[in-house]
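Notes follow once the structure below has been shown.
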Amino acid sequence: MPYIRIHHEIPLHASRVALALLCMLVFCVPWEEEVSATQGVAVSHVVGLAAFGGGIFALLLGHRIRELHPLHYLLGALVLWMAVSYLWSIDQDLTVARVESCIQLLVMVWLIWEFAPARREQVWLLVAYVLGSYISILSTIYSFVTGTGNNLGLTEGRYTASGFDENELCITLALSLVMSCYLLAKRVPWWPIWLFHIPL
């Protein structure tokens, strides 16, 4: 793997802490709309801030940065262009919100690139996402069984996990379905979890 080295490698424990925080962030993503840490702030934002801080701390300890791929620069240019579009945006508040979201996604892409370069780490991130999706799945089933849910009766009687738009939830679970199939195909340990996830 290409790296830019200044002095020495990242201490193993610091790298593992950064990866663990990143896994926690990925675990929170599938159900981030359900629970807020404070008013209007999703739990994933708080965990994401901790993951970013852990990543920076690990880099400061090790003085090592993995060389970026050209796609990272393209993503950065896209986010920059979105930020500049604020100058002529019709809805500037919405533009700011979208730019903030894209900056967070760009940081997450970098964290994955930096601390999950090997297949083993990447599999752990897939595991975290699938496990997190279980929360949204069970919440949706609960809304159906109890006849509750904040979208019930508002959008053709469709049931969804608390706080989720139906379409966003669909995308979230569709992604997790592909991941569980991959984990099964690669025979990742705890296969009953990935198998049961598909019909559920």
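Here's how to read the names in the structure tokens: chain A, B, ... by the order shown, residue numbers from 1 in each chain, ligand numbers from 1 in the order shown.
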Practice prompt. Output as a count of residues only all residues of chain A that backbone DSSP marks as helix (DSSP H, G or I).
Written response: 138
Practice prompt. For A:Leu200, please output as a list in words all residues within 12 Å (counting only C-alpha atoms; exclusion window: fewer than 6 positions along the same chain).
Written response: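 Residues near the query, excluding close chain neighbours: Val130, Ser133, Tyr134, Ile135, Ser136, Ile137, Leu138, Ser139, Thr140, Ile141, Leu173, Ser176, Leu177, Ser180, Ile193 and Trp194 of chain A.
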Worksheet item: How many Å separate atom CA of A:Asn167 from atom CA of A:Phe144?
Response: 16.3 Å
Practice prompt. Please provide as a PyMOL selection string all residues within 12 Å of A:Glu100, with the sequence filter that same-chain residues fewer than 3 positions apart are discarded (counting only C-alpha atoms).
Written response: chain A and resi 45+79-80+82-83+86+93-97+103-107
Would you export the selected residues with N, CA, C and O atoms as a PDB file, in the first residue's frame, please?
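Saved result, selection22.pdb, follows:
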```pdb
ATOM      1  N   HIS A  45     -23.606  11.481  13.939  1.00  0.00           N
ATOM      2  CA  HIS A  45     -22.776  12.678  13.829  1.00  0.00           C
ATOM      3  C   HIS A  45     -21.794  12.771  14.991  1.00  0.00           C
ATOM      4  O   HIS A  45     -20.631  13.155  14.809  1.00  0.00           O
ATOM      5  N   VAL A  79     -17.303  18.429  -3.927  1.00  0.00           N
ATOM      6  CA  VAL A  79     -17.790  19.073  -2.706  1.00  0.00           C
ATOM      7  C   VAL A  79     -17.483  20.574  -2.740  1.00  0.00           C
ATOM      8  O   VAL A  79     -18.302  21.400  -2.341  1.00  0.00           O
ATOM      9  N   LEU A  80     -16.298  20.921  -3.235  1.00  0.00           N
ATOM     10  CA  LEU A  80     -15.928  22.340  -3.348  1.00  0.00           C
ATOM     11  C   LEU A  80     -16.864  23.064  -4.301  1.00  0.00           C
ATOM     12  O   LEU A  80     -17.304  24.187  -4.031  1.00  0.00           O
ATOM     13  N   MET A  82     -19.949  22.246  -4.976  1.00  0.00           N
ATOM     14  CA  MET A  82     -21.235  22.384  -4.297  1.00  0.00           C
ATOM     15  C   MET A  82     -21.210  23.550  -3.328  1.00  0.00           C
ATOM     16  O   MET A  82     -22.195  24.287  -3.203  1.00  0.00           O
ATOM     17  N   ALA A  83     -20.072  23.742  -2.648  1.00  0.00           N
ATOM     18  CA  ALA A  83     -19.951  24.856  -1.705  1.00  0.00           C
ATOM     19  C   ALA A  83     -19.988  26.196  -2.442  1.00  0.00           C
ATOM     20  O   ALA A  83     -20.648  27.146  -1.991  1.00  0.00           O
ATOM     21  N   TYR A  86     -23.301  27.877  -3.497  1.00  0.00           N
ATOM     22  CA  TYR A  86     -24.036  28.671  -2.502  1.00  0.00           C
ATOM     23  C   TYR A  86     -24.252  30.102  -2.998  1.00  0.00           C
ATOM     24  O   TYR A  86     -25.262  30.733  -2.674  1.00  0.00           O
ATOM     25  N   ASP A  93     -30.047  27.818   2.465  1.00  0.00           N
ATOM     26  CA  ASP A  93     -30.045  26.981   3.670  1.00  0.00           C
ATOM     27  C   ASP A  93     -29.955  25.497   3.300  1.00  0.00           C
ATOM     28  O   ASP A  93     -29.213  24.730   3.931  1.00  0.00           O
ATOM     29  N   LEU A  94     -30.708  25.091   2.274  1.00  0.00           N
ATOM     30  CA  LEU A  94     -30.655  23.703   1.826  1.00  0.00           C
ATOM     31  C   LEU A  94     -29.280  23.379   1.236  1.00  0.00           C
ATOM     32  O   LEU A  94     -28.748  22.283   1.448  1.00  0.00           O
ATOM     33  N   THR A  95     -28.698  24.331   0.547  1.00  0.00           N
ATOM     34  CA  THR A  95     -27.359  24.127  -0.021  1.00  0.00           C
ATOM     35  C   THR A  95     -26.336  23.902   1.077  1.00  0.00           C
ATOM     36  O   THR A  95     -25.490  23.002   0.977  1.00  0.00           O
ATOM     37  N   VAL A  96     -26.416  24.698   2.132  1.00  0.00           N
ATOM     38  CA  VAL A  96     -25.494  24.536   3.257  1.00  0.00           C
ATOM     39  C   VAL A  96     -25.654  23.164   3.885  1.00  0.00           C
ATOM     40  O   VAL A  96     -24.662  22.478   4.199  1.00  0.00           O
ATOM     41  N   ALA A  97     -26.900  22.717   4.057  1.00  0.00           N
ATOM     42  CA  ALA A  97     -27.153  21.396   4.649  1.00  0.00           C
ATOM     43  C   ALA A  97     -26.576  20.287   3.778  1.00  0.00           C
ATOM     44  O   ALA A  97     -25.958  19.338   4.284  1.00  0.00           O
ATOM     45  N   ILE A 103     -19.521  16.882   3.008  1.00  0.00           N
ATOM     46  CA  ILE A 103     -18.234  16.966   3.704  1.00  0.00           C
ATOM     47  C   ILE A 103     -18.084  15.803   4.669  1.00  0.00           C
ATOM     48  O   ILE A 103     -17.028  15.168   4.759  1.00  0.00           O
ATOM     49  N   GLN A 104     -19.168  15.487   5.382  1.00  0.00           N
ATOM     50  CA  GLN A 104     -19.136  14.347   6.303  1.00  0.00           C
ATOM     51  C   GLN A 104     -18.886  13.047   5.548  1.00  0.00           C
ATOM     52  O   GLN A 104     -18.114  12.192   6.004  1.00  0.00           O
ATOM     53  N   LEU A 105     -19.536  12.885   4.394  1.00  0.00           N
ATOM     54  CA  LEU A 105     -19.316  11.673   3.589  1.00  0.00           C
ATOM     55  C   LEU A 105     -17.888  11.604   3.066  1.00  0.00           C
ATOM     56  O   LEU A 105     -17.282  10.535   3.027  1.00  0.00           O
ATOM     57  N   LEU A 106     -17.334  12.756   2.686  1.00  0.00           N
ATOM     58  CA  LEU A 106     -15.960  12.797   2.191  1.00  0.00           C
ATOM     59  C   LEU A 106     -14.984  12.395   3.294  1.00  0.00           C
ATOM     60  O   LEU A 106     -14.024  11.647   3.047  1.00  0.00           O
ATOM     61  N   VAL A 107     -15.228  12.870   4.510  1.00  0.00           N
ATOM     62  CA  VAL A 107     -14.390  12.493   5.647  1.00  0.00           C
ATOM     63  C   VAL A 107     -14.510  10.998   5.919  1.00  0.00           C
ATOM     64  O   VAL A 107     -13.508  10.314   6.196  1.00  0.00           O
TER      65      VAL A 107
END
```
Worksheet entry | Which of stretch 13-95 of chain A DSSP labels strand (DSSP E or B), written as a ChimeraX atom specification | /A:36-38,41-42,64-66
Worksheet entry | A:Val109, A:Val178, A:Val43, A:Ala58 ranked by distance to A:Val17, top pick (using only C-alpha atoms) |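 Of the candidates, the smallest distance to A:Val17 is held by A:Ala58.
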Item to complete: Tell me, in Å to one decimal, how far atom CA of A:Gly62 is from atom CA of A:Val46.
Response: 24.5 Å
